[in-house]
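First the structure, in the form of structure tokens, and then the observations on it.
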Amino acid sequence: MAPRIQSRRLSNALLPYLTSSQSSSTSSISSTCPSSKLFSRQFSSTAASQTRLRRHMFQWLSTEGAALKHHIPGETNYLPSRPDRDGNSNESSRPFPGNRNFVSESVLSEDLRNEVYVRVVEKKKSLRAVSVELGIDMKRIAAVVRLVEMERRQRAQGKPLSLPYARAVHEMIPTTALAQEGERQPYHEPINDLPAHPSTGAQIFYPVPESRSFTRVDAGRVFSGAPTLEKAVADKISHPSDLVDEIIENPNSIEWVGKGEKARQVLQPADVRIPHPQLIKLEIDRKAFPNERRAVTQRHAERLEKQEAAEQQRRERAQARREKSIQHVEPEGSRFDYRIQDAKFTRETVGADGRAPWAPGRRYGVPADDRKRGMVKIPTRVEA
Amino acid sequence: MRNRASTSLSKGKIRQSWSKYNLYNLSRFRTPATGNRTFFQQKWTAKAVSRAYHGEQVREGQWKRMFSKRIRSVIPMNTADLAADDGSKESAGRGSGLNEGSGRSRSSRPIPYTQMAFAPLERRLDVAIFRALFASSTRQARQFVIHGAVTVNGQKMRHPSYLLNPGDLFQVEPDRVMYATGAPKTAFERRESRQLKQKSADAEAEAETKPEATEKDEKENARDSLRALMSQAKTIMSTDKDVLPAKKKQELRGFQKAVRRVLSRSDTSTVLTDSLEAQFSELTLLLKAKRAEKKPAKESKKEAKEEETSAATTKSEETTSGALSEAFQAAAEGGKVDTSELTDEEFDILKRALTQMRDNPIDHSKPYATPWRPREYMSAFAFIPRYLEVNQNICAAVYLRHPVARPGSAEVPTPFGETISTPAYGWYLKRRW
Amino acid sequence: MVLRIRLARFGNKHTPFYNIVVAQARSARGAKPVEVIGTYNPIPKKPTNLYDDSTHVRPYKEIALDRARAKYWLGVGAQPSDPVWKLMSMAGLVEQKPTTFHKA
């Protein structure tokens with residue numbers, strides 16, 4: 001058994017876990033171990049070296065490690081990194097002293113989470129707009145709405161919550177607070193992350209005459225092996241962000257190159273692939289009309305509205321298509337409902353020999369690999 | 001599966017765990033020397049060290065199948081930069097811009113790609129639960145999954161190796177999380193809970209014989225719990241103020257001691273947990289009423305208060321909350337605490353104390369020390385990576401996307417620097433099987 | 001020879017899954033059929049819409065069916081087996097079979 005660090009906190013144990021001063025005061029009473037038990041072990045059969053290591057450990061825990069035992073609310077309490085050559089070692093946001101590339105990043109505070117929920121659900125703003133306002137990634141906004149919704153329902157149902165735990169965690173890690181009224185909300189995270197596309201990994205030597213301007217659109221075509229744009233088409237594009245509108249209207253309008261299995265869409269410029277392409281047009285407008293602020297913001301709002309309408313329409317169409325293909329039947333006297341989906345069992349869907357792997361239904365004459373070594377046998381997705 | 005994950009001090013391996021042994025190992029970890037070692041030896045050591053942390057619960061063959069040399073990365077784009085140039089300026093001249101001096105102005109921190117070598121493991125359900133701070137180790141998270149305490153998208157998921165898809169919502173039972181992250185019970189508290197269990201068993205047996213006695217007990221208990229409330233409120237007040245008169249301090253100490261004696265003797269908390277919500281609302285209502293009446297007339301407040309309280313009690317005579325408000329009145333008149341002397345601020349404090357009591361009650365039936373407090377050394381390991389969005393109140397989290405690397409930082413939490421992760425990545429790049 | 005529309009069992013032990021097939025009446029269950037026209041999963045699923053109140057939701061079973069081909073085969077005289085008749089009557093392709101007894 002480890003020599004237990006004596007609990008001197010019995011008097012406090014009966015009080016609720018309090019936010020202020022309580023935990024900081026207890027940290028000062030931290031252990032004055034190693035206890036006397038350690039030195040009276042003449043009947044022990046443990047190897048002596050282990051004991052030495054343990055002694056070192058408990059010594060470290062009572063000296064340097066004592067500060068890590070309890071946290072100070074509102075501050076991170078990570079292992080201090082070893083001092084570098086300049087002698088400065090205090091890095092409060094790096095949990096691992098050995099890894100300078102990992103930072104403990106802030107999480108949304110409770111208020112900010114509720115604010116996101118209010119703006120999206122009660123004020124009926126779009127995810128895109130709220131994301132730009134608060135500087136939070138769109139996926140995170142969607143997740144926050146889902147989680148807050150769930151929390152409210154659980155509160156209403158009277159299910160147990162872990163409130164003291166939540167408070168303690170928020171005291172230990174950095175949080176992004178909701179700005180006071182009138183203040184500017186600080187950005188939580190970068191919202192325009194461009195994912196690196198695998199096809200850009202290749203190093204390509206592509207000679208271009210110096211007289212020709214080589215834009216991001218051209219670079220994308222080179223990376224995906226598409227022929228150079230015709231001059232008439234290329235001249236129409238004054239800035240890569242001009243492509244955004246058309247692609248938002250119809251994502252299938254992106255050109256394809258290659259044949260058969262190697263067919264791929266042409267890599268689009270960063271202006272199209274970032275999550276908030278509309279912000280580029282806003283910047284261009286701002287630069288072009290520095291004195292017409294109101295007109296610029298209005299045009300931006302119009303663009304945003306148009307984009308959202310297009311996205312919404314697309315979503316609704318997909319939903320309608322999905323629902324049209326499924327017929328719900330609720331037979332009388334049955335414990336179950338039936339969902340009858342239209343399927344097409346034609347030569348195209350099942351292949352020439354009827355054994356295509358993508359065909360609906362189970363196949364004949366194809367060995368089942370589902371019990372083979374190396375196959376994934378657990379669920380790969382759970383329907384939400 | 002045999003647990004080889006013991007955090008031994010002699011080996012000094014770092015694990016995904018919050019134990020103090022692990023913390024000590026983490027603190028004394030040094031990058032292995034590479035001086036007179038072959039490249040193979042360096043890679044072997046790097047692999048061994050990092051695999052002890054990343055997915056030690058995953059068999060090597062399984063991990064090798066999961067490994068992918070493709071590493072996800074993102075570049076945060078600046079819209080102003082994109083708007084200013086369509087790319088032709090950057091590619092002008094001989095391909096790298098005309099004025100090369102100013103072209104390098106953008107800080108180009110390298111992307112630590114190899115730090116993402118173990119990114120596929122972060123998709124695992126057990127690892128994600130540990131990263132979301134719902135368990136104190138990946139092993140514990142794994143146990144929670146196997147024991148059926150975890151749901152994914154509302155369905156129970158019993159496979160710790162389930163690979164989360166972007167958008168998946170997973171939830172752990174709050175009680176398990178509180179147990180995993182809370183301080184353990186002391187011997188004293190364990191005895192309390194044993195006694196509580198015994199008492200409840202006895203009570204069940206005797207319930208048919210004499211129900212009146214228990215009711216009376218409840219009443220007394222309610223009074224006791226009220227006393228506890230008041231004392232707690234007082235203690236908070238004392239911590240808020242810098243200096244206290246010695247006499248008041250002494251009084252407080254006596255008060256606290258009495259409450260502790262009462263609390264330790266009986267199972268007060270069971271009454272509190274019965275209908276906590278109702279009691280809480282009752283008490284706050286009482287407080288509000290008192291606060292409102294305080295302003296108009298100072299002299300008549302005691303009578304008014306009595307009326308108020310009696311009204312409240314008549315409303316719900318039989319319920320425990322009624323008993324509690326009665327007790328409140330009794331305690332106020334008993335002179336132990338003169339509630340009429342309280343200022344607005346103090347009422348606020350009392351109210352906060354009440355909320356605290358409701359959210360974090362003393363309940364010996366729980367498997368962790370109550371009132372809940374975080375376990376020791378938890379703060380040294382507390383961080384939540386950006387690819388998770390966690391709601392601690394309901395112990396649920398959403399796996400937003402796969403972890404990515406970006407200039408200057410990698411999202412996979414790993415205690416090892418690039419001097420270890422690069423050879424480890426290199427080890428798995430070469431196919432040896 | 002009679003053409004029948006019937007179920008062919010697939011799936012593992014305790015996890016049945018059926019193809020709805022058109023086959024010669026005397027052919028084996030697992031033999032290659034004339035044509036596959038649908039699938040039927042008899043294991044009920046619970047709808048997991050997290051935003052619903054899950055008090056009065058009924059589990060459902062999934063059927064996939066190529067209606068055009070089913071109509072064609074019925075038209076040329078293929079005879080559905082009893083379980084397939086039940087499924088097809090729910091899809092509205094055939095009349096419901098009159099039950100031989102009435103529940104009181």
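Simple scheme: letters A, B, ... for chains in structure tokens order, numbers from 1 for residues in each chain, numbers from 1 for ligands in the order shown.
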
> Counting only C-alpha atoms, which residues of chain B come no farther than 6 Å from chain A, as a ChimeraX atom specification?
Replying inline: /B:73-77,79-80,83,86-88,93,153,174,371,373,376-377,379-380,383,392-394,409-410,415-417

Could you name the residues that touch Pro42 (chain C) at 7 Å or less, counting only C-alpha atoms, but leaving out those on the same chain fewer than 4 positions away, as a compact mmCIF listing (two decimals) with C-alpha atoms, in the first residue's frame?
# COMPACT_ATOMS: atom_id res chain seq x y z
CA PRO C 16 -32.28 -12.77 -39.96
CA PHE C 17 -32.43 -10.72 -43.12
CA LYS C 61 -39.24 -2.63 -39.66

>> Report, in Å with one decimal, the straight-line distance from CA of Leu121 (chain B) to CA of His54 (chain B).
In response: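 Straight-line distance from CA of Leu121 (chain B) to CA of His54 (chain B) works out to 7.3 Å.
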
> In Å, with one decimal, what is the gap from CA of Gln185 (chain A) to CA of Ser109 (chain A)?
Replying inline: 12.6 Å

>> If you run DSSP on the backbone here, which positions in region 43-141 of chain B get strand (DSSP E or B)? Please write them as number ranges by chain.
In response: B: 73-76, 124, 137

> What are the residues of chain A that have an atom within 7 Å of an atom of chain C, counting only C-alpha atoms, as a list of chain:residue names?
Replying inline: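 Putting it all together, I get A:Val329, A:Phe336, A:Asp337, A:Tyr338, A:Arg339, A:Ile340, A:Gln341, A:Asp342, A:Ala343, A:Lys344, A:Phe345, A:Gly361, A:Arg362, A:Tyr364, A:Ala384.
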
Since we have the selection now, will you write its residues out, keeping N, CA and C atoms, as an mmCIF file, in the first residue's frame?
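Output contents, as saved in out_23.cif:
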data_model
loop_
_atom_site.group_PDB
_atom_site.id
_atom_site.type_symbol
_atom_site.label_atom_id
_atom_site.label_comp_id
_atom_site.auth_asym_id
_atom_site.auth_seq_id
_atom_site.Cartn_x
_atom_site.Cartn_y
_atom_site.Cartn_z
ATOM 1 N N VAL A 329 -46.150 2.803 -43.099
ATOM 2 C CA VAL A 329 -47.394 2.050 -42.936
ATOM 3 C C VAL A 329 -47.538 1.678 -41.473
ATOM 4 N N PHE A 336 -45.697 -3.037 -34.645
ATOM 5 C CA PHE A 336 -44.622 -2.357 -35.360
ATOM 6 C C PHE A 336 -45.151 -1.519 -36.504
ATOM 7 N N ASP A 337 -44.376 -0.505 -36.844
ATOM 8 C CA ASP A 337 -44.609 0.232 -38.080
ATOM 9 C C ASP A 337 -43.741 -0.387 -39.161
ATOM 10 N N TYR A 338 -44.086 -0.108 -40.399
ATOM 11 C CA TYR A 338 -43.260 -0.575 -41.519
ATOM 12 C C TYR A 338 -42.865 0.618 -42.362
ATOM 13 N N ARG A 339 -41.616 0.637 -42.769
ATOM 14 C CA ARG A 339 -41.158 1.700 -43.666
ATOM 15 C C ARG A 339 -40.755 1.050 -44.976
ATOM 16 N N ILE A 340 -41.543 1.345 -45.999
ATOM 17 C CA ILE A 340 -41.303 0.715 -47.300
ATOM 18 C C ILE A 340 -40.570 1.704 -48.181
ATOM 19 N N GLN A 341 -39.369 1.331 -48.569
ATOM 20 C CA GLN A 341 -38.546 2.227 -49.370
ATOM 21 C C GLN A 341 -38.518 1.740 -50.803
ATOM 22 N N ASP A 342 -38.590 2.690 -51.724
ATOM 23 C CA ASP A 342 -38.483 2.312 -53.131
ATOM 24 C C ASP A 342 -37.043 1.938 -53.440
ATOM 25 N N ALA A 343 -36.885 0.835 -54.131
ATOM 26 C CA ALA A 343 -35.546 0.428 -54.545
ATOM 27 C C ALA A 343 -35.605 0.070 -56.013
ATOM 28 N N LYS A 344 -34.485 0.168 -56.665
ATOM 29 C CA LYS A 344 -34.423 -0.173 -58.092
ATOM 30 C C LYS A 344 -33.481 -1.353 -58.252
ATOM 31 N N PHE A 345 -34.028 -2.492 -58.673
ATOM 32 C CA PHE A 345 -33.185 -3.655 -58.898
ATOM 33 C C PHE A 345 -33.044 -3.843 -60.407
ATOM 34 N N GLY A 361 -29.770 -5.339 -51.089
ATOM 35 C CA GLY A 361 -30.032 -6.741 -50.772
ATOM 36 C C GLY A 361 -28.740 -7.519 -50.617
ATOM 37 N N ARG A 362 -28.899 -8.770 -50.141
ATOM 38 C CA ARG A 362 -27.722 -9.628 -49.984
ATOM 39 C C ARG A 362 -27.442 -10.299 -51.317
ATOM 40 N N TYR A 364 -25.774 -13.178 -54.074
ATOM 41 C CA TYR A 364 -25.575 -14.602 -54.290
ATOM 42 C C TYR A 364 -24.195 -14.829 -54.886
ATOM 43 N N ALA A 384 -28.321 9.095 -35.834
ATOM 44 C CA ALA A 384 -28.750 10.084 -34.838
ATOM 45 C C ALA A 384 -30.253 10.223 -34.860
#

> Hey, what does DSSP flag as alpha helix (DSSP H) within region 121-206 of chain A? Can you give it to me as a ChimeraX atom specification?
Replying inline: /A:127-134,138-157,163-172

> With only C-alpha atoms as the basis for distance, which of B:Thr151, B:Asn36, B:Gln195, B:Gln115 is at the shortest distance from chain C?
Replying inline: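 So, comparing all the options, the nearest one is B:Thr151.
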
>> Which residue is closest to chain C? Choose from B:Lys89, B:His364, B:Lys351, B:Lys156 and count only C-alpha atoms.
In response: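 Looking only at the distances to chain C, the closest residue turns out to be B:Lys156.
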
>> Can you pull out the residues contacting Val34 (chain C)? Cut-off 8 Å, using only C-alpha atoms, and skip same-chain residues under 5 positions away; I want them as an MDAnalysis selection string.
In response: chainID C and resid 21:24

> Skipping near chain neighbours, those fewer than 4 positions away, what residues fall within 10 Å of region 252-261 of chain A using only C-alpha atoms, listed as number ranges by chain?
Replying inline: A: 221, 224-227, 243, 246-248, 265-268
